file coords.pdb (PDB, C-alpha atoms)
MODEL        1
ATOM      1  CA  MET P   1     154.859-122.168 -59.363  1.00  0.00           C
ATOM      2  CA  TYR P   2     157.002-119.381 -60.701  1.00  0.00           C
ATOM      3  CA  LEU P   3     156.108-115.979 -62.116  1.00  0.00           C
ATOM      4  CA  ARG P   4     154.496-116.263 -65.579  1.00  0.00           C
ATOM      5  CA  ASP P   5     153.956-120.035 -65.203  1.00  0.00           C
ATOM      6  CA  VAL P   6     150.854-121.352 -66.959  1.00  0.00           C
ATOM      7  CA  VAL P   7     148.832-124.247 -65.570  1.00  0.00           C
ATOM      8  CA  ARG P   8     146.671-126.226 -67.989  1.00  0.00           C
ATOM      9  CA  THR P   9     144.425-129.160 -67.219  1.00  0.00           C
ATOM     10  CA  GLY P  10     143.425-131.843 -69.701  1.00  0.00           C
ATOM     11  CA  ALA P  11     140.001-133.256 -70.507  1.00  0.00           C
ATOM     12  CA  ASP P  12     139.980-135.734 -67.613  1.00  0.00           C
ATOM     13  CA  SER P  13     142.056-133.875 -65.056  1.00  0.00           C
ATOM     14  CA  ARG P  14     141.865-131.269 -62.335  1.00  0.00           C
ATOM     15  CA  VAL P  15     144.407-129.652 -60.073  1.00  0.00           C
ATOM     16  CA  SER P  16     144.494-127.859 -56.745  1.00  0.00           C
ATOM     17  CA  ILE P  17     147.269-125.338 -56.138  1.00  0.00           C
ATOM     18  CA  ASN P  18     147.961-124.075 -52.610  1.00  0.00           C
ATOM     19  CA  PHE P  19     150.025-120.948 -51.981  1.00  0.00           C
ATOM     20  CA  SER P  20     152.088-119.929 -48.945  1.00  0.00           C
ATOM     21  CA  ASP P  21     149.564-117.274 -47.833  1.00  0.00           C
ATOM     22  CA  GLY P  22     146.756-119.864 -47.626  1.00  0.00           C
ATOM     23  CA  SER P  23     145.195-119.058 -51.016  1.00  0.00           C
ATOM     24  CA  SER P  24     144.237-121.962 -53.241  1.00  0.00           C
ATOM     25  CA  PHE P  25     143.043-122.434 -56.800  1.00  0.00           C
ATOM     26  CA  ASN P  26     141.049-125.457 -57.900  1.00  0.00           C
ATOM     27  CA  LEU P  27     141.025-125.857 -61.671  1.00  0.00           C
ATOM     28  CA  LEU P  28     138.666-128.333 -63.323  1.00  0.00           C
ATOM     29  CA  SER P  29     139.154-130.033 -66.695  1.00  0.00           C
ATOM     30  CA  ASN P  30     140.233-128.048 -69.763  1.00  0.00           C
ATOM     31  CA  ALA P  31     141.275-124.966 -67.776  1.00  0.00           C
ATOM     32  CA  ARG P  32     144.136-122.507 -68.269  1.00  0.00           C
ATOM     33  CA  MET P  33     145.503-120.151 -65.613  1.00  0.00           C
ATOM     34  CA  ALA P  34     148.661-118.024 -65.505  1.00  0.00           C
ATOM     35  CA  LEU P  35     150.423-116.569 -62.478  1.00  0.00           C
ATOM     36  CA  ASP P  36     151.238-112.987 -63.468  1.00  0.00           C
ATOM     37  CA  GLU P  37     152.197-111.719 -59.995  1.00  0.00           C
ATOM     38  CA  TYR P  38     152.657-113.171 -56.493  1.00  0.00           C
ATOM     39  CA  VAL P  39     154.241-111.228 -53.652  1.00  0.00           C
ATOM     40  CA  TYR P  40     153.651-112.385 -50.075  1.00  0.00           C
ATOM     41  CA  GLU P  41     155.508-111.540 -46.900  1.00  0.00           C
ATOM     42  CA  PRO P  42     153.574-112.290 -43.672  1.00  0.00           C
ATOM     43  CA  ASP P  43     154.301-108.835 -42.220  1.00  0.00           C
ATOM     44  CA  GLY P  44     154.605-107.062 -45.573  1.00  0.00           C
ATOM     45  CA  LYS P  45     152.549-104.106 -46.739  1.00  0.00           C
ATOM     46  CA  SER P  46     153.041-104.604 -50.496  1.00  0.00           C
ATOM     47  CA  ASN P  47     151.524-108.070 -50.878  1.00  0.00           C
ATOM     48  CA  ALA P  48     149.928-108.669 -54.273  1.00  0.00           C
ATOM     49  CA  THR P  49     148.721-111.433 -56.556  1.00  0.00           C
ATOM     50  CA  PHE P  50     147.417-111.380 -60.097  1.00  0.00           C
ATOM     51  CA  PHE P  51     146.066-114.580 -61.639  1.00  0.00           C
ATOM     52  CA  ASN P  52     144.853-114.786 -65.225  1.00  0.00           C
ATOM     53  CA  LEU P  53     142.120-117.370 -65.867  1.00  0.00           C
ATOM     54  CA  ALA P  54     141.795-117.704 -69.640  1.00  0.00           C
ATOM     55  CA  LYS P  55     139.480-120.713 -69.929  1.00  0.00           C
ATOM     56  CA  GLY P  56     137.768-123.450 -67.952  1.00  0.00           C
ATOM     57  CA  THR P  57     136.303-123.537 -64.467  1.00  0.00           C
ATOM     58  CA  ALA P  58     138.034-122.495 -61.267  1.00  0.00           C
ATOM     59  CA  THR P  59     137.159-121.980 -57.637  1.00  0.00           C
ATOM     60  CA  PHE P  60     139.434-119.688 -55.686  1.00  0.00           C
ATOM     61  CA  VAL P  61     139.813-119.489 -51.914  1.00  0.00           C
ATOM     62  CA  ALA P  62     141.404-116.220 -50.810  1.00  0.00           C
ATOM     63  CA  GLY P  63     144.272-116.253 -48.336  1.00  0.00           C
ATOM     64  CA  GLN P  64     146.221-113.605 -46.439  1.00  0.00           C
ATOM     65  CA  VAL P  65     147.142-111.534 -49.503  1.00  0.00           C
ATOM     66  CA  ALA P  66     143.454-110.671 -49.944  1.00  0.00           C
ATOM     67  CA  LYS P  67     143.378-109.307 -46.393  1.00  0.00           C
ATOM     68  CA  SER P  68     146.732-107.527 -46.411  1.00  0.00           C
ATOM     69  CA  GLY P  69     147.337-106.522 -50.014  1.00  0.00           C
ATOM     70  CA  ASP P  70     146.023-106.456 -53.550  1.00  0.00           C
ATOM     71  CA  MET P  71     144.613-109.716 -54.943  1.00  0.00           C
ATOM     72  CA  LYS P  72     143.122-109.853 -58.447  1.00  0.00           C
ATOM     73  CA  VAL P  73     141.823-112.511 -60.834  1.00  0.00           C
ATOM     74  CA  ASP P  74     141.593-111.581 -64.500  1.00  0.00           C
ATOM     75  CA  THR P  75     139.114-113.194 -66.928  1.00  0.00           C
ATOM     76  CA  PRO P  76     138.265-112.401 -70.558  1.00  0.00           C
ATOM     77  CA  VAL P  77     135.409-110.087 -69.456  1.00  0.00           C
ATOM     78  CA  ALA P  78     136.421-108.625 -66.072  1.00  0.00           C
ATOM     79  CA  THR P  79     139.135-108.314 -63.475  1.00  0.00           C
ATOM     80  CA  MET P  80     137.952-109.144 -59.949  1.00  0.00           C
ATOM     81  CA  GLY P  81     139.436-107.681 -56.812  1.00  0.00           C
ATOM     82  CA  ILE P  82     139.367-110.350 -54.112  1.00  0.00           C
ATOM     83  CA  ARG P  83     138.883-109.328 -50.491  1.00  0.00           C
ATOM     84  CA  GLY P  84     138.213-112.667 -48.820  1.00  0.00           C
ATOM     85  CA  THR P  85     135.412-114.142 -50.906  1.00  0.00           C
ATOM     86  CA  THR P  86     135.416-117.520 -52.641  1.00  0.00           C
ATOM     87  CA  PRO P  87     134.576-116.946 -56.311  1.00  0.00           C
ATOM     88  CA  HIS P  88     133.570-119.708 -58.710  1.00  0.00           C
ATOM     89  CA  ILE P  89     134.351-118.774 -62.318  1.00  0.00           C
ATOM     90  CA  GLU P  90     133.251-120.633 -65.449  1.00  0.00           C
ATOM     91  CA  ILE P  91     134.599-119.678 -68.875  1.00  0.00           C
ATOM     92  CA  ALA P  92     132.802-121.636 -71.608  1.00  0.00           C
ATOM     93  CA  ASP P  93     134.332-122.620 -74.939  1.00  0.00           C
ATOM     94  CA  ASP P  94     132.191-119.966 -76.666  1.00  0.00           C
ATOM     95  CA  GLY P  95     133.717-117.254 -74.422  1.00  0.00           C
ATOM     96  CA  ALA P  96     130.721-116.827 -72.100  1.00  0.00           C
ATOM     97  CA  VAL P  97     131.739-116.187 -68.498  1.00  0.00           C
ATOM     98  CA  ARG P  98     129.698-116.937 -65.365  1.00  0.00           C
ATOM     99  CA  PHE P  99     130.628-115.764 -61.885  1.00  0.00           C
ATOM    100  CA  SER P 100     129.215-116.896 -58.564  1.00  0.00           C
ATOM    101  CA  THR P 101     130.327-116.729 -54.963  1.00  0.00           C
ATOM    102  CA  LEU P 102     130.504-119.727 -52.664  1.00  0.00           C
ATOM    103  CA  ILE P 103     129.394-119.062 -49.101  1.00  0.00           C
ATOM    104  CA  GLU P 104     129.981-121.246 -46.058  1.00  0.00           C
ATOM    105  CA  GLU P 105     126.806-122.550 -44.460  1.00  0.00           C
ATOM    106  CA  GLY P 106     125.840-120.381 -41.495  1.00  0.00           C
ATOM    107  CA  LYS P 107     127.984-117.421 -42.597  1.00  0.00           C
ATOM    108  CA  SER P 108     125.269-115.460 -44.386  1.00  0.00           C
ATOM    109  CA  LYS P 109     121.687-114.620 -43.464  1.00  0.00           C
ATOM    110  CA  LEU P 110     121.119-113.840 -47.145  1.00  0.00           C
ATOM    111  CA  LEU P 111     122.029-117.416 -48.080  1.00  0.00           C
ATOM    112  CA  LYS P 112     119.571-118.880 -45.555  1.00  0.00           C
ATOM    113  CA  LYS P 113     116.821-116.615 -46.849  1.00  0.00           C
ATOM    114  CA  ARG P 114     117.475-117.599 -50.464  1.00  0.00           C
ATOM    115  CA  VAL P 115     117.623-121.315 -49.699  1.00  0.00           C
ATOM    116  CA  THR P 116     114.266-121.334 -47.911  1.00  0.00           C
ATOM    117  CA  SER P 117     112.544-119.411 -50.692  1.00  0.00           C
ATOM    118  CA  ALA P 118     113.969-121.425 -53.589  1.00  0.00           C
ATOM    119  CA  ALA P 119     112.011-124.361 -54.966  1.00  0.00           C
ATOM    120  CA  PRO P 120     114.079-127.552 -55.212  1.00  0.00           C
ATOM    121  CA  GLU P 121     114.828-128.864 -58.682  1.00  0.00           C
ATOM    122  CA  GLN P 122     113.372-132.239 -59.634  1.00  0.00           C
ATOM    123  CA  GLY P 123     115.868-135.084 -59.411  1.00  0.00           C
ATOM    124  CA  SER P 124     118.681-132.972 -58.053  1.00  0.00           C
ATOM    125  CA  GLY P 125     121.014-134.233 -55.377  1.00  0.00           C
ATOM    126  CA  PRO P 126     123.044-132.250 -52.855  1.00  0.00           C
ATOM    127  CA  ARG P 127     124.332-129.007 -54.315  1.00  0.00           C
ATOM    128  CA  PRO P 128     127.060-126.633 -53.138  1.00  0.00           C
ATOM    129  CA  ASN P 129     125.901-123.410 -51.526  1.00  0.00           C
ATOM    130  CA  ILE P 130     126.244-120.859 -54.293  1.00  0.00           C
ATOM    131  CA  CYS P 131     125.126-117.259 -53.977  1.00  0.00           C
ATOM    132  CA  ARG P 132     124.509-115.833 -57.442  1.00  0.00           C
ATOM    133  CA  GLY P 133     124.248-112.068 -57.756  1.00  0.00           C
ATOM    134  CA  CYS P 134     125.251-111.339 -54.155  1.00  0.00           C
TER
ENDMDL
END

call {"tool": "encode", "arguments": {"input": "coords.pdb", "output": "structure tokens"}}
result
Amino acid sequence: MYLRDVVRTGADSRVSINFSDGSSFNLLSNARMALDEYVYEPDGKSNATFFNLAKGTATFVAGQVAKSGDMKVDTPVATMGIRGTTPHIEIADDGAVRFSTLIEEGKSKLLKKRVTSAAPEQGSGPRPNICRGC
């Protein structure tokens, strides 16, 4: 990808984009994301990324820029500063935006507490570990 490139996925497609710092974006169908800034030098002190998610669903895994610089993801309702989390962002066709944070199993006592207190949904299969409102 190059600066200002826009990635769009079609109705029956998805894409995973991996960056040199270890960050990755997973875009599901009907998504649109632009790369507005990407600066990464392994020993640099001015590392920065700025992604613009305009529509669709994306999951983002933060890499080294989040730990050593300024990483941001812009949506129609908010700009998120990323410091090592794994956000899941859904932008509906009507403009509604939902945020959640994915958490690795065993990494959070809060997640274990929430899972044990939540009643399972009828007919649901395995679900990803999602921490809403953390």

call {"tool": "closest_residue", "arguments": {"input": "coords.pdb", "among": "P:Phe60, P:Phe19, P:Tyr2, P:Phe99", "to": "Asp36 (chain P)", "atoms": "all atoms listed in the file"}}
result
P:Tyr2

call {"tool": "residues_around", "arguments": {"input": "coords.pdb", "residues": "Leu3 (chain P)", "least_positions_apart": "6", "cutoff": "10 Å", "atoms": "all atoms listed in the file", "output": "ChimeraX atom specification"}}
result
/P:34-39

call {"tool": "resolve_selection", "arguments": {"input": "coords.pdb", "expression": "the PyMOL selection byres ((chain P and resi 88-94) around 6)", "output": "PyMOL selection string"}}
result
chain P and resi 55-59+87+95-101

call {"tool": "residues_around", "arguments": {"input": "coords.pdb", "residues": "Tyr40 (chain P)", "least_positions_apart": "6", "cutoff": "10 Å", "atoms": "only C-alpha atoms", "output": "number ranges by chain"}}
result
P: 19-21, 46-49, 64-65, 68-69

call {"tool": "closest_residue", "arguments": {"input": "coords.pdb", "among": "P:Thr86, P:Pro42, P:Gly22, P:Phe50", "to": "Val73 (chain P)", "atoms": "all atoms listed in the file"}}
result
P:Phe50

call {"tool": "axis_aligned_box", "arguments": {"input": "coords.pdb", "around": "region 38-54 of chain P", "padding_each_side": "6 Å", "output": "lines of an AutoDock Vina configuration file"}}
result
center_x = 148.7
center_y = -110.9
center_z = -55.9
size_x = 25.7
size_y = 25.6
size_z = 39.4

call {"tool": "residues_around", "arguments": {"input": "coords.pdb", "residues": "Asn30 (chain P)", "least_positions_apart": "4", "cutoff": "6 Å", "atoms": "only C-alpha atoms", "output": "compact mmCIF listing (two decimals) with C-alpha atoms, in the coordinates of the input"}}
result
# COMPACT_ATOMS: atom_id res chain seq x y z
CA THR P 9 144.43 -129.16 -67.22
CA GLY P 10 143.43 -131.84 -69.70
CA ALA P 11 140.00 -133.26 -70.51
CA GLY P 56 137.77 -123.45 -67.95

call {"tool": "atom_distance", "arguments": {"input": "coords.pdb", "atom1": "CA of Met80 (chain P)", "atom2": "CA of Val15 (chain P)"}}
result
21.5 Å

call {"tool": "atom_distance", "arguments": {"input": "coords.pdb", "atom1": "CA of Gly84 (chain P)", "atom2": "CA of Lys67 (chain P)"}}
result
6.6 Å

call {"tool": "atom_distance", "arguments": {"input": "coords.pdb", "atom1": "CA of Ser23 (chain P)", "atom2": "CA of Asn52 (chain P)"}}
result
14.8 Å

call {"tool": "resolve_selection", "arguments": {"input": "coords.pdb", "expression": "the PyMOL selection byres ((chain P and resi 71) around 6)", "output": "ChimeraX atom specification"}}
result
/P:48-49,66,70,72,81-82

call {"tool": "residues_near_point", "arguments": {"input": "coords.pdb", "point": "(143.4, -128.9, -63.2)", "cutoff": "8 Å", "atoms": "all atoms listed in the file", "output": "list in words"}}
result
Val7, Arg8, Thr9, Gly10, Ser13, Arg14, Val15, Ser16, Asn26, Leu27, Leu28, Ser29, Asn30 and Ala31 of chain P
